[in-house]
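Asker: You'll find upload.cif just under this line, and it carries mmCIF, C-alpha atoms and all ligand atoms.
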```
data_final
#
loop_
_atom_site.group_PDB
_atom_site.id
_atom_site.type_symbol
_atom_site.label_atom_id
_atom_site.label_comp_id
_atom_site.auth_asym_id
_atom_site.auth_seq_id
_atom_site.Cartn_x
_atom_site.Cartn_y
_atom_site.Cartn_z
ATOM 1 C CA MET U 1404 -13.886 249.912 48.865
ATOM 2 C CA LEU U 1405 -15.505 247.705 51.466
ATOM 3 C CA PHE U 1406 -13.357 244.833 50.240
ATOM 4 C CA ILE U 1407 -10.160 246.863 50.709
ATOM 5 C CA VAL U 1408 -11.158 247.902 54.224
ATOM 6 C CA LEU U 1409 -11.924 244.301 55.096
ATOM 7 C CA PHE U 1410 -8.659 243.062 53.628
ATOM 8 C CA VAL U 1411 -6.561 245.656 55.457
ATOM 9 C CA SER U 1412 -8.283 244.954 58.771
ATOM 10 C CA LEU U 1413 -7.618 241.240 58.319
ATOM 11 C CA LEU U 1414 -3.915 241.709 57.518
ATOM 12 C CA PRO U 1415 -2.599 241.342 61.084
ATOM 13 C CA TYR U 1416 -4.385 237.994 61.353
ATOM 14 C CA LEU U 1417 -3.168 236.779 57.974
ATOM 15 C CA ALA U 1418 0.399 237.661 58.915
ATOM 16 C CA GLN U 1419 0.232 235.461 61.998
ATOM 17 C CA CYS U 1420 1.419 231.953 61.327
ATOM 18 C CA SER U 1421 -1.120 229.311 62.123
ATOM 19 C CA CYS U 1422 -0.119 226.854 64.803
ATOM 20 C CA PRO U 1423 -0.386 223.079 64.572
ATOM 21 C CA THR U 1424 -3.269 221.411 66.381
ATOM 22 C CA ILE U 1425 -2.458 221.092 70.058
ATOM 23 C CA ILE U 1426 -4.082 218.282 72.035
ATOM 24 C CA SER U 1427 -4.872 220.012 75.311
ATOM 25 C CA ARG U 1428 -4.188 218.635 78.773
ATOM 26 C CA SER U 1429 -7.865 217.925 79.335
ATOM 27 C CA GLU U 1430 -7.996 216.026 76.034
ATOM 28 C CA TRP U 1431 -5.262 213.639 77.154
ATOM 29 C CA ASP U 1432 -6.666 213.565 80.698
ATOM 30 C CA ALA U 1433 -3.680 215.187 82.419
ATOM 31 C CA ARG U 1434 -3.395 215.308 86.211
ATOM 32 C CA SER U 1435 -3.251 218.774 87.798
ATOM 33 C CA PRO U 1436 0.284 220.040 88.408
ATOM 34 C CA LYS U 1437 1.484 220.101 92.033
ATOM 35 C CA SER U 1438 2.656 223.663 91.390
ATOM 36 C CA VAL U 1439 3.140 226.074 88.471
ATOM 37 C CA LYS U 1440 5.964 228.579 88.015
ATOM 38 C CA ASN U 1441 6.223 231.104 85.190
ATOM 39 C CA LEU U 1442 9.359 231.442 83.077
ATOM 40 C CA ALA U 1443 11.836 234.081 84.261
ATOM 41 C CA GLN U 1444 11.375 235.997 81.006
ATOM 42 C CA ASN U 1445 8.150 236.595 79.196
ATOM 43 C CA LEU U 1446 9.902 235.788 75.920
ATOM 44 C CA PRO U 1447 12.312 232.895 76.483
ATOM 45 C CA PRO U 1448 15.502 232.983 74.336
ATOM 46 C CA PHE U 1449 15.891 229.186 73.974
ATOM 47 C CA VAL U 1450 13.995 226.321 72.376
ATOM 48 C CA VAL U 1451 15.296 222.976 73.662
ATOM 49 C CA VAL U 1452 14.535 219.728 71.830
ATOM 50 C CA HIS U 1453 14.412 216.315 73.546
ATOM 51 C CA HIS U 1454 13.436 212.762 72.722
ATOM 52 C CA THR U 1455 11.742 210.395 75.174
ATOM 53 C CA ASP U 1456 14.301 207.688 74.316
ATOM 54 C CA GLY U 1457 11.422 205.239 74.612
ATOM 55 C CA GLN U 1458 8.738 203.593 72.500
ATOM 56 C CA PRO U 1459 7.098 205.598 69.706
ATOM 57 C CA CYS U 1460 3.346 206.128 69.229
ATOM 58 C CA SER U 1461 1.494 206.533 65.963
ATOM 59 C CA SER U 1462 -2.183 207.079 66.767
ATOM 60 C CA LEU U 1463 -4.110 209.647 68.790
ATOM 61 C CA SER U 1464 -5.179 207.108 71.407
ATOM 62 C CA SER U 1465 -1.756 205.458 71.809
ATOM 63 C CA CYS U 1466 0.001 208.860 71.991
ATOM 64 C CA LYS U 1467 -2.505 210.138 74.578
ATOM 65 C CA SER U 1468 -1.918 207.157 76.845
ATOM 66 C CA LEU U 1469 1.850 207.360 76.356
ATOM 67 C CA VAL U 1470 1.862 211.065 77.319
ATOM 68 C CA LYS U 1471 -0.229 210.188 80.373
ATOM 69 C CA SER U 1472 2.255 207.477 81.419
ATOM 70 C CA ILE U 1473 5.148 209.938 80.964
ATOM 71 C CA GLN U 1474 3.377 212.389 83.268
ATOM 72 C CA ASN U 1475 2.813 209.650 85.868
ATOM 73 C CA TYR U 1476 6.487 208.671 85.670
ATOM 74 C CA HIS U 1477 7.669 212.277 86.069
ATOM 75 C CA MET U 1478 5.327 213.009 88.987
ATOM 76 C CA ASP U 1479 5.377 209.686 90.864
ATOM 77 C CA ILE U 1480 8.894 208.354 90.223
ATOM 78 C CA LYS U 1481 10.924 211.493 89.473
ATOM 79 C CA GLY U 1482 8.984 213.553 92.020
ATOM 80 C CA TRP U 1483 8.528 216.517 89.676
ATOM 81 C CA HIS U 1484 5.512 218.801 89.897
ATOM 82 C CA ASP U 1485 4.189 217.970 86.445
ATOM 83 C CA ILE U 1486 5.224 216.395 83.134
ATOM 84 C CA ALA U 1487 8.700 217.831 82.469
ATOM 85 C CA TYR U 1488 8.195 219.391 79.028
ATOM 86 C CA ASN U 1489 6.208 222.331 77.684
ATOM 87 C CA PHE U 1490 5.059 220.259 74.692
ATOM 88 C CA LEU U 1491 5.438 216.767 73.237
ATOM 89 C CA ILE U 1492 5.205 215.695 69.601
ATOM 90 C CA GLY U 1493 3.622 212.346 68.801
ATOM 91 C CA GLY U 1494 4.417 210.070 65.873
ATOM 92 C CA ASP U 1495 0.798 210.723 64.859
ATOM 93 C CA GLY U 1496 1.838 214.284 63.958
ATOM 94 C CA ASN U 1497 -0.033 215.910 66.841
ATOM 95 C CA VAL U 1498 1.324 218.271 69.470
ATOM 96 C CA TYR U 1499 0.468 217.334 73.054
ATOM 97 C CA GLU U 1500 0.313 220.144 75.590
ATOM 98 C CA GLY U 1501 2.688 219.601 78.487
ATOM 99 C CA ARG U 1502 3.179 222.537 80.818
ATOM 100 C CA GLY U 1503 2.277 224.846 77.925
ATOM 101 C CA TRP U 1504 3.519 228.312 76.931
ATOM 102 C CA GLY U 1505 5.132 230.607 79.485
ATOM 103 C CA ILE U 1506 5.576 227.944 82.177
ATOM 104 C CA LYS U 1507 8.932 226.817 83.594
ATOM 105 C CA GLY U 1508 9.665 223.171 82.814
ATOM 106 C CA SER U 1509 12.015 220.649 84.432
ATOM 107 C CA HIS U 1510 13.746 219.242 81.373
ATOM 108 C CA ILE U 1511 17.222 220.796 81.293
ATOM 109 C CA THR U 1512 19.355 222.091 84.164
ATOM 110 C CA ARG U 1513 20.357 225.770 83.879
ATOM 111 C CA TYR U 1514 17.943 226.465 80.991
ATOM 112 C CA ASN U 1515 14.571 225.616 82.537
ATOM 113 C CA SER U 1516 13.683 229.187 83.406
ATOM 114 C CA LYS U 1517 14.628 230.569 79.988
ATOM 115 C CA SER U 1518 13.441 227.996 77.477
ATOM 116 C CA ILE U 1519 10.529 226.142 75.961
ATOM 117 C CA GLY U 1520 11.174 222.393 76.112
ATOM 118 C CA ILE U 1521 9.731 220.251 73.321
ATOM 119 C CA CYS U 1522 10.007 216.473 73.473
ATOM 120 C CA VAL U 1523 9.745 214.328 70.361
ATOM 121 C CA ILE U 1524 8.243 210.983 71.366
ATOM 122 C CA GLY U 1525 10.473 208.044 70.408
ATOM 123 C CA SER U 1526 14.162 207.131 70.357
ATOM 124 C CA PHE U 1527 16.282 208.903 67.738
ATOM 125 C CA GLN U 1528 19.856 207.848 68.321
ATOM 126 C CA ASN U 1529 19.888 205.501 65.297
ATOM 127 C CA GLU U 1530 16.984 206.734 63.202
ATOM 128 C CA LYS U 1531 15.330 210.030 62.372
ATOM 129 C CA PRO U 1532 11.745 210.752 63.432
ATOM 130 C CA PRO U 1533 9.129 210.196 60.701
ATOM 131 C CA ARG U 1534 8.724 213.212 58.392
ATOM 132 C CA LYS U 1535 5.250 214.006 59.739
ATOM 133 C CA GLN U 1536 6.659 214.284 63.277
ATOM 134 C CA LEU U 1537 9.551 216.527 62.156
ATOM 135 C CA GLU U 1538 7.148 218.789 60.239
ATOM 136 C CA THR U 1539 5.016 219.230 63.353
ATOM 137 C CA LEU U 1540 8.085 220.076 65.426
ATOM 138 C CA LYS U 1541 9.119 222.655 62.844
ATOM 139 C CA ASN U 1542 5.600 224.129 62.723
ATOM 140 C CA LEU U 1543 5.379 224.386 66.499
ATOM 141 C CA ILE U 1544 8.692 226.281 66.619
ATOM 142 C CA SER U 1545 7.507 228.670 63.855
ATOM 143 C CA CYS U 1546 4.237 229.107 65.723
ATOM 144 C CA ALA U 1547 6.174 230.015 68.898
ATOM 145 C CA LYS U 1548 8.246 232.561 67.001
ATOM 146 C CA ASP U 1549 5.400 234.106 64.988
ATOM 147 C CA ASN U 1550 3.045 234.401 67.936
ATOM 148 C CA GLY U 1551 5.548 235.781 70.432
ATOM 149 C CA TYR U 1552 5.990 232.758 72.702
ATOM 150 C CA VAL U 1553 9.781 232.886 72.245
ATOM 151 C CA GLN U 1554 12.197 235.622 71.205
ATOM 152 C CA SER U 1555 12.196 236.209 67.453
ATOM 153 C CA ASN U 1556 15.968 235.546 67.410
ATOM 154 C CA TYR U 1557 15.591 232.442 69.607
ATOM 155 C CA HIS U 1558 18.400 229.872 69.910
ATOM 156 C CA LEU U 1559 17.493 226.314 68.946
ATOM 157 C CA ILE U 1560 19.470 223.686 70.870
ATOM 158 C CA GLY U 1561 19.366 219.969 71.673
ATOM 159 C CA HIS U 1562 19.332 218.790 75.292
ATOM 160 C CA ARG U 1563 22.898 217.431 74.922
ATOM 161 C CA GLN U 1564 24.158 221.003 74.513
ATOM 162 C CA GLY U 1565 23.001 221.840 78.027
ATOM 163 C CA SER U 1566 23.689 218.598 79.927
ATOM 164 C CA GLN U 1567 25.765 215.431 79.700
ATOM 165 C CA THR U 1568 23.264 213.319 77.781
ATOM 166 C CA THR U 1569 22.809 211.842 74.318
ATOM 167 C CA CYS U 1570 19.290 213.381 74.176
ATOM 168 C CA PRO U 1571 17.687 214.118 71.672
ATOM 169 C CA GLY U 1572 19.529 211.251 69.940
ATOM 170 C CA LYS U 1573 22.205 211.587 67.280
ATOM 171 C CA LYS U 1574 19.930 211.414 64.228
ATOM 172 C CA LEU U 1575 17.453 213.984 65.500
ATOM 173 C CA PHE U 1576 20.297 216.213 66.675
ATOM 174 C CA ASP U 1577 21.942 216.035 63.227
ATOM 175 C CA GLU U 1578 18.617 217.116 61.710
ATOM 176 C CA LEU U 1579 18.289 220.089 64.106
ATOM 177 C CA LYS U 1580 21.749 221.293 63.054
ATOM 178 C CA THR U 1581 20.298 222.108 59.614
ATOM 179 C CA TRP U 1582 17.324 224.111 60.972
ATOM 180 C CA PRO U 1583 16.973 227.919 61.270
ATOM 181 C CA ASN U 1584 18.358 229.457 64.483
ATOM 182 C CA PHE U 1585 20.282 226.324 65.510
ATOM 183 C CA ASP U 1586 23.044 227.545 67.840
ATOM 184 C CA SER U 1587 26.168 225.381 67.714
ATOM 185 C CA ASN U 1588 27.984 227.598 70.238
ATOM 186 C CA VAL U 1589 26.019 226.342 73.241
ATOM 187 C CA ARG U 1590 28.004 223.663 75.107
ATOM 188 C CA PRO U 1591 27.375 221.787 78.351
HETATM 189 ZN ZN ZN U 1601 16.283 215.473 76.989
#
```
Starting from the file, give its structure as structure tokens.

Answerer:
Amino acid sequence: MLFIVLFVSLLPYLAQCSCPTIISRSEWDARSPKSVKNLAQNLPPFVVVHHTDGQPCSSLSSCKSLVKSIQNYHMDIKGWHDIAYNFLIGGDGNVYEGRGWGIKGSHITRYNSKSIGICVIGSFQNEKPPRKQLETLKNLISCAKDNGYVQSNYHLIGHRQGSQTTCPGKKLFDELKTWPNFDSNVRP
């Protein structure tokens, strides 16, 4: 009897999908944002995927310092208030917290206030990301859906569907086309 009660009370937790490990801002030594704005909707309808179109990283320490240099570039050269994305995925298979859940990013014109922006670190025009990195991206999107950080019927798009850009690279974009909730109807 006690076992049944315990099992039933644990059900809501078991039903929740576990999220991949997220390296927090303090863990990668992020600077404080100049300002923070919430998303227009509590549950954003879009998940937007990017690539950095730059060098990859494959270890915790190299990914941390790369994420830090991306934040410096976005704040000091681009003049943005923080690193552009909500999350970044390293070639080491870790998620790096950018602006985080519920915060408006500056990664895609017209969709910033209604999307979560995830950037896959590396350049994926001519090659696909390593499998470990793709798995983490997939897990983070499932985590967002299962834990109510995006709408359950969210639309998955690549940056190029919202702006004139090749981002997230042809090979990564071709991969996204085969994933659940990919929305081919969104055009720039
Ligand atoms: Zn992009």

Asker: Pull out every residue that the PyMOL selection byres (((chain U and resi 1485) around 8) and not hetatm) matches in the shown coordinates and put them as a list in words.

Answerer: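 Selected by the PyMOL selection byres (((chain U and resi 1485) around 8) and not hetatm) here: Ser1435, Pro1436, Lys1437, Ser1438, Gln1474, His1477, Met1478, Trp1483, His1484, Ile1486, Ala1487 and Arg1502 of chain U.
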
Asker: By how many Å are CA of Leu1442 in chain U and CA of Tyr1552 in chain U apart?

Answerer: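 These atoms are spaced 11.0 Å apart.
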
Asker: Kindly provide, as a ChimeraX atom specification, all nucleotide and amino acid residues lying within 8 Å of ligand ZN 1601 (chain U), counting only C-alpha atoms and all ligand atoms.

Answerer: /U:1452-1455,1510-1511,1522,1561-1563,1568-1571

Asker: Export C-alpha atoms of the chosen residues as a PDB file, keeping the file's coordinate frame?

Answerer:
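Final output, saved to out-v1.pdb:
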```
ATOM      1  CA  VAL U1452      14.535 219.728  71.830  1.00  0.00           C
ATOM      2  CA  HIS U1453      14.412 216.315  73.546  1.00  0.00           C
ATOM      3  CA  HIS U1454      13.436 212.762  72.722  1.00  0.00           C
ATOM      4  CA  THR U1455      11.742 210.395  75.174  1.00  0.00           C
ATOM      5  CA  HIS U1510      13.746 219.242  81.373  1.00  0.00           C
ATOM      6  CA  ILE U1511      17.222 220.796  81.293  1.00  0.00           C
ATOM      7  CA  CYS U1522      10.007 216.473  73.473  1.00  0.00           C
ATOM      8  CA  GLY U1561      19.366 219.969  71.673  1.00  0.00           C
ATOM      9  CA  HIS U1562      19.332 218.790  75.292  1.00  0.00           C
ATOM     10  CA  ARG U1563      22.898 217.431  74.922  1.00  0.00           C
ATOM     11  CA  THR U1568      23.264 213.319  77.781  1.00  0.00           C
ATOM     12  CA  THR U1569      22.809 211.842  74.318  1.00  0.00           C
ATOM     13  CA  CYS U1570      19.290 213.381  74.176  1.00  0.00           C
ATOM     14  CA  PRO U1571      17.687 214.118  71.672  1.00  0.00           C
TER      15      PRO U1571
END
```

Asker: For each of U:Ile1492, U:Cys1460, U:Val1451, U:Ala1433, take the minimum atom-to-atom distance to Leu1543 in chain U, counting all atoms listed in the file, then give the residue where this is smallest.

Answerer: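 Among the listed residues, U:Ile1492 lies closest to Leu1543 in chain U.
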
Asker: For this structure, which residues satisfy the selection - the PyMOL selection byres (((chain U and resi 1440) around 6) and not hetatm) - when it is evaluated on the file as given? I want them as a VMD selection string.

Answerer: chain U and resid 1439 1441 1506 to 1507

Asker: Name the residues captured by the PyMOL selection byres (((chain U and resi 1529) around 10) and not hetatm) when it is applied to the shown file; answer as a compact mmCIF listing (two decimals) with C-alpha atoms, keeping the file's coordinate frame.

Answerer:
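Generated output (out13.txt):
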```txt
# COMPACT_ATOMS: atom_id res chain seq x y z
CA SER U 1526 14.16 207.13 70.36
CA PHE U 1527 16.28 208.90 67.74
CA GLN U 1528 19.86 207.85 68.32
CA GLU U 1530 16.98 206.73 63.20
CA LYS U 1531 15.33 210.03 62.37
CA PRO U 1532 11.74 210.75 63.43
CA GLY U 1572 19.53 211.25 69.94
CA LYS U 1573 22.20 211.59 67.28
CA LYS U 1574 19.93 211.41 64.23
CA LEU U 1575 17.45 213.98 65.50
```

Asker: One number please: CA of Ser1555 in chain U to CA of Ile1524 in chain U, in Å, one decimal.

Answerer: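 Interatomic distance, CA of Ser1555 in chain U to CA of Ile1524 in chain U: 25.8 Å.
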
Asker: Pick from U:Pro1447, U:Pro1583, U:Gly1494, U:Gly1551: nearest to Gly1508 in chain U, with all atoms listed in the file counted?

Answerer: U:Pro1447

Asker: Compare U:Pro1423, U:Lys1580, U:Lys1517, U:Gln1564 by their minimum atom-to-atom distance to Gln1536 in chain U, counting only C-alpha atoms, and give me the closest one.

Answerer: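 Under the stated criterion, the closest residue is U:Pro1423.
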
Asker: Find the residue from U:Val1450, U:Ser1472, U:Ser1464, U:Val1589 that sits nearest to Ser1516 in chain U; use all atoms listed in the file when measuring.

Answerer: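 Once distances to Ser1516 in chain U are computed over all atoms listed in the file, the minimum belongs to U:Val1450.
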
Asker: What is the distance, in Å and to one decimal place, between CA of Arg1428 in chain U and CA of Glu1500 in chain U?

Answerer: 5.7 Å

Asker: Which residue, U:Pro1448, U:Gly1505, U:Gly1493, U:Gly1565, has the smallest gap to Ser1468 in chain U when you use all atoms listed in the file?

Answerer: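 Closest candidate: U:Gly1493.
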
Asker: Using all atoms listed in the file for the distances, tell me which of U:Ser1587, U:Asn1497, U:Asn1489, U:Ser1465 is nearest to Asn1515 in chain U.

Answerer: U:Asn1489

Asker: Skipping near chain neighbours, those fewer than 5 positions away, what residues fall within 12 Å of Lys1541 in chain U using all atoms listed in the file, listed as a list of chain:residue names?

Answerer: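 Contacts, with the query itself left out: U:Cys1422, U:Pro1423, U:Val1450, U:Val1452, U:Ile1492, U:Gly1496, U:Val1498, U:Ile1521, U:Val1523, U:Arg1534, U:Lys1535, U:Gln1536, U:Cys1546, U:Ala1547, U:Lys1548, U:Leu1559, U:Glu1578, U:Leu1579, U:Thr1581, U:Trp1582, U:Pro1583, U:Asn1584.
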
Asker: Just range 1419-1450 of chain U, please, as a PDB file, in the first residue's frame (only N, CA and C atoms).

Answerer:
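For reference, selection_1.pdb as written:
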```pdb
ATOM      1  N   GLN U1419       7.870  14.135 -16.025  1.00  0.00           N
ATOM      2  CA  GLN U1419       8.647  15.259 -16.523  1.00  0.00           C
ATOM      3  C   GLN U1419       9.950  14.757 -17.134  1.00  0.00           C
ATOM      4  N   CYS U1420      10.237  15.253 -18.318  1.00  0.00           N
ATOM      5  CA  CYS U1420      11.462  14.840 -18.985  1.00  0.00           C
ATOM      6  C   CYS U1420      12.647  15.504 -18.290  1.00  0.00           C
ATOM      7  N   SER U1421      13.702  14.737 -18.124  1.00  0.00           N
ATOM      8  CA  SER U1421      14.868  15.354 -17.502  1.00  0.00           C
ATOM      9  C   SER U1421      15.600  16.204 -18.532  1.00  0.00           C
ATOM     10  N   CYS U1422      16.177  17.262 -18.080  1.00  0.00           N
ATOM     11  CA  CYS U1422      16.860  18.204 -18.962  1.00  0.00           C
ATOM     12  C   CYS U1422      18.353  17.901 -18.990  1.00  0.00           C
ATOM     13  N   PRO U1423      19.011  18.239 -20.093  1.00  0.00           N
ATOM     14  CA  PRO U1423      20.465  18.033 -20.123  1.00  0.00           C
ATOM     15  C   PRO U1423      21.146  18.961 -19.112  1.00  0.00           C
ATOM     16  N   THR U1424      22.349  18.623 -18.748  1.00  0.00           N
ATOM     17  CA  THR U1424      23.115  19.480 -17.832  1.00  0.00           C
ATOM     18  C   THR U1424      23.311  20.851 -18.470  1.00  0.00           C
ATOM     19  N   ILE U1425      23.027  21.883 -17.688  1.00  0.00           N
ATOM     20  CA  ILE U1425      23.212  23.239 -18.205  1.00  0.00           C
ATOM     21  C   ILE U1425      24.324  23.916 -17.411  1.00  0.00           C
ATOM     22  N   ILE U1426      25.370  24.313 -18.108  1.00  0.00           N
ATOM     23  CA  ILE U1426      26.471  25.051 -17.469  1.00  0.00           C
ATOM     24  C   ILE U1426      25.981  26.478 -17.262  1.00  0.00           C
ATOM     25  N   SER U1427      25.854  26.858 -15.996  1.00  0.00           N
ATOM     26  CA  SER U1427      25.234  28.148 -15.672  1.00  0.00           C
ATOM     27  C   SER U1427      26.156  29.318 -16.016  1.00  0.00           C
ATOM     28  N   ARG U1428      25.582  30.487 -16.039  1.00  0.00           N
ATOM     29  CA  ARG U1428      26.356  31.703 -16.341  1.00  0.00           C
ATOM     30  C   ARG U1428      27.529  31.858 -15.373  1.00  0.00           C
ATOM     31  N   SER U1429      27.278  31.590 -14.095  1.00  0.00           N
ATOM     32  CA  SER U1429      28.372  31.785 -13.137  1.00  0.00           C
ATOM     33  C   SER U1429      29.476  30.766 -13.389  1.00  0.00           C
ATOM     34  N   GLU U1430      29.089  29.567 -13.869  1.00  0.00           N
ATOM     35  CA  GLU U1430      30.102  28.545 -14.149  1.00  0.00           C
ATOM     36  C   GLU U1430      31.012  28.921 -15.323  1.00  0.00           C
ATOM     37  N   TRP U1431      30.452  29.652 -16.308  1.00  0.00           N
ATOM     38  CA  TRP U1431      31.357  30.079 -17.389  1.00  0.00           C
ATOM     39  C   TRP U1431      31.801  31.532 -17.214  1.00  0.00           C
ATOM     40  N   ASP U1432      31.516  32.082 -16.011  1.00  0.00           N
ATOM     41  CA  ASP U1432      32.029  33.404 -15.649  1.00  0.00           C
ATOM     42  C   ASP U1432      31.467  34.516 -16.549  1.00  0.00           C
ATOM     43  N   ALA U1433      30.137  34.466 -16.725  1.00  0.00           N
ATOM     44  CA  ALA U1433      29.475  35.469 -17.579  1.00  0.00           C
ATOM     45  C   ALA U1433      29.513  36.847 -16.937  1.00  0.00           C
ATOM     46  N   ARG U1434      29.542  37.889 -17.772  1.00  0.00           N
ATOM     47  CA  ARG U1434      29.358  39.261 -17.291  1.00  0.00           C
ATOM     48  C   ARG U1434      27.868  39.479 -17.036  1.00  0.00           C
ATOM     49  N   SER U1435      27.531  40.441 -16.184  1.00  0.00           N
ATOM     50  CA  SER U1435      26.120  40.766 -15.948  1.00  0.00           C
ATOM     51  C   SER U1435      25.552  41.432 -17.194  1.00  0.00           C
ATOM     52  N   PRO U1436      24.278  41.137 -17.509  1.00  0.00           N
ATOM     53  CA  PRO U1436      23.669  41.813 -18.662  1.00  0.00           C
ATOM     54  C   PRO U1436      23.473  43.302 -18.374  1.00  0.00           C
ATOM     55  N   LYS U1437      23.500  44.126 -19.451  1.00  0.00           N
ATOM     56  CA  LYS U1437      23.268  45.562 -19.262  1.00  0.00           C
ATOM     57  C   LYS U1437      21.797  45.816 -18.965  1.00  0.00           C
ATOM     58  N   SER U1438      20.928  44.949 -19.490  1.00  0.00           N
ATOM     59  CA  SER U1438      19.509  44.994 -19.129  1.00  0.00           C
ATOM     60  C   SER U1438      18.882  43.651 -19.466  1.00  0.00           C
ATOM     61  N   VAL U1439      17.714  43.383 -18.881  1.00  0.00           N
ATOM     62  CA  VAL U1439      17.013  42.108 -19.086  1.00  0.00           C
ATOM     63  C   VAL U1439      15.556  42.401 -19.397  1.00  0.00           C
ATOM     64  N   LYS U1440      15.052  41.801 -20.470  1.00  0.00           N
ATOM     65  CA  LYS U1440      13.640  41.971 -20.836  1.00  0.00           C
ATOM     66  C   LYS U1440      12.998  40.596 -20.948  1.00  0.00           C
ATOM     67  N   ASN U1441      11.806  40.432 -20.406  1.00  0.00           N
ATOM     68  CA  ASN U1441      11.122  39.146 -20.533  1.00  0.00           C
ATOM     69  C   ASN U1441      10.545  38.986 -21.931  1.00  0.00           C
ATOM     70  N   LEU U1442      10.296  37.741 -22.323  1.00  0.00           N
ATOM     71  CA  LEU U1442       9.609  37.464 -23.582  1.00  0.00           C
ATOM     72  C   LEU U1442       8.197  38.040 -23.518  1.00  0.00           C
ATOM     73  N   ALA U1443       7.635  38.342 -24.694  1.00  0.00           N
ATOM     74  CA  ALA U1443       6.281  38.903 -24.744  1.00  0.00           C
ATOM     75  C   ALA U1443       5.263  37.899 -24.221  1.00  0.00           C
ATOM     76  N   GLN U1444       5.497  36.610 -24.514  1.00  0.00           N
ATOM     77  CA  GLN U1444       4.581  35.569 -24.055  1.00  0.00           C
ATOM     78  C   GLN U1444       5.306  34.658 -23.092  1.00  0.00           C
ATOM     79  N   ASN U1445       4.579  34.235 -22.085  1.00  0.00           N
ATOM     80  CA  ASN U1445       5.153  33.329 -21.107  1.00  0.00           C
ATOM     81  C   ASN U1445       5.642  32.044 -21.773  1.00  0.00           C
ATOM     82  N   LEU U1446       4.829  31.546 -22.720  1.00  0.00           N
ATOM     83  CA  LEU U1446       5.180  30.338 -23.454  1.00  0.00           C
ATOM     84  C   LEU U1446       5.456  30.702 -24.905  1.00  0.00           C
ATOM     85  N   PRO U1447       6.714  30.882 -25.282  1.00  0.00           N
ATOM     86  CA  PRO U1447       7.009  31.290 -26.655  1.00  0.00           C
ATOM     87  C   PRO U1447       6.640  30.197 -27.664  1.00  0.00           C
ATOM     88  N   PRO U1448       6.119  30.581 -28.847  1.00  0.00           N
ATOM     89  CA  PRO U1448       5.709  29.589 -29.849  1.00  0.00           C
ATOM     90  C   PRO U1448       6.842  29.102 -30.754  1.00  0.00           C
ATOM     91  N   PHE U1449       8.019  29.749 -30.713  1.00  0.00           N
ATOM     92  CA  PHE U1449       9.092  29.376 -31.640  1.00  0.00           C
ATOM     93  C   PHE U1449      10.377  28.952 -30.924  1.00  0.00           C
ATOM     94  N   VAL U1450      11.039  27.958 -31.528  1.00  0.00           N
ATOM     95  CA  VAL U1450      12.408  27.610 -31.151  1.00  0.00           C
ATOM     96  C   VAL U1450      13.258  27.884 -32.386  1.00  0.00           C
TER      97      VAL U1450
END
```
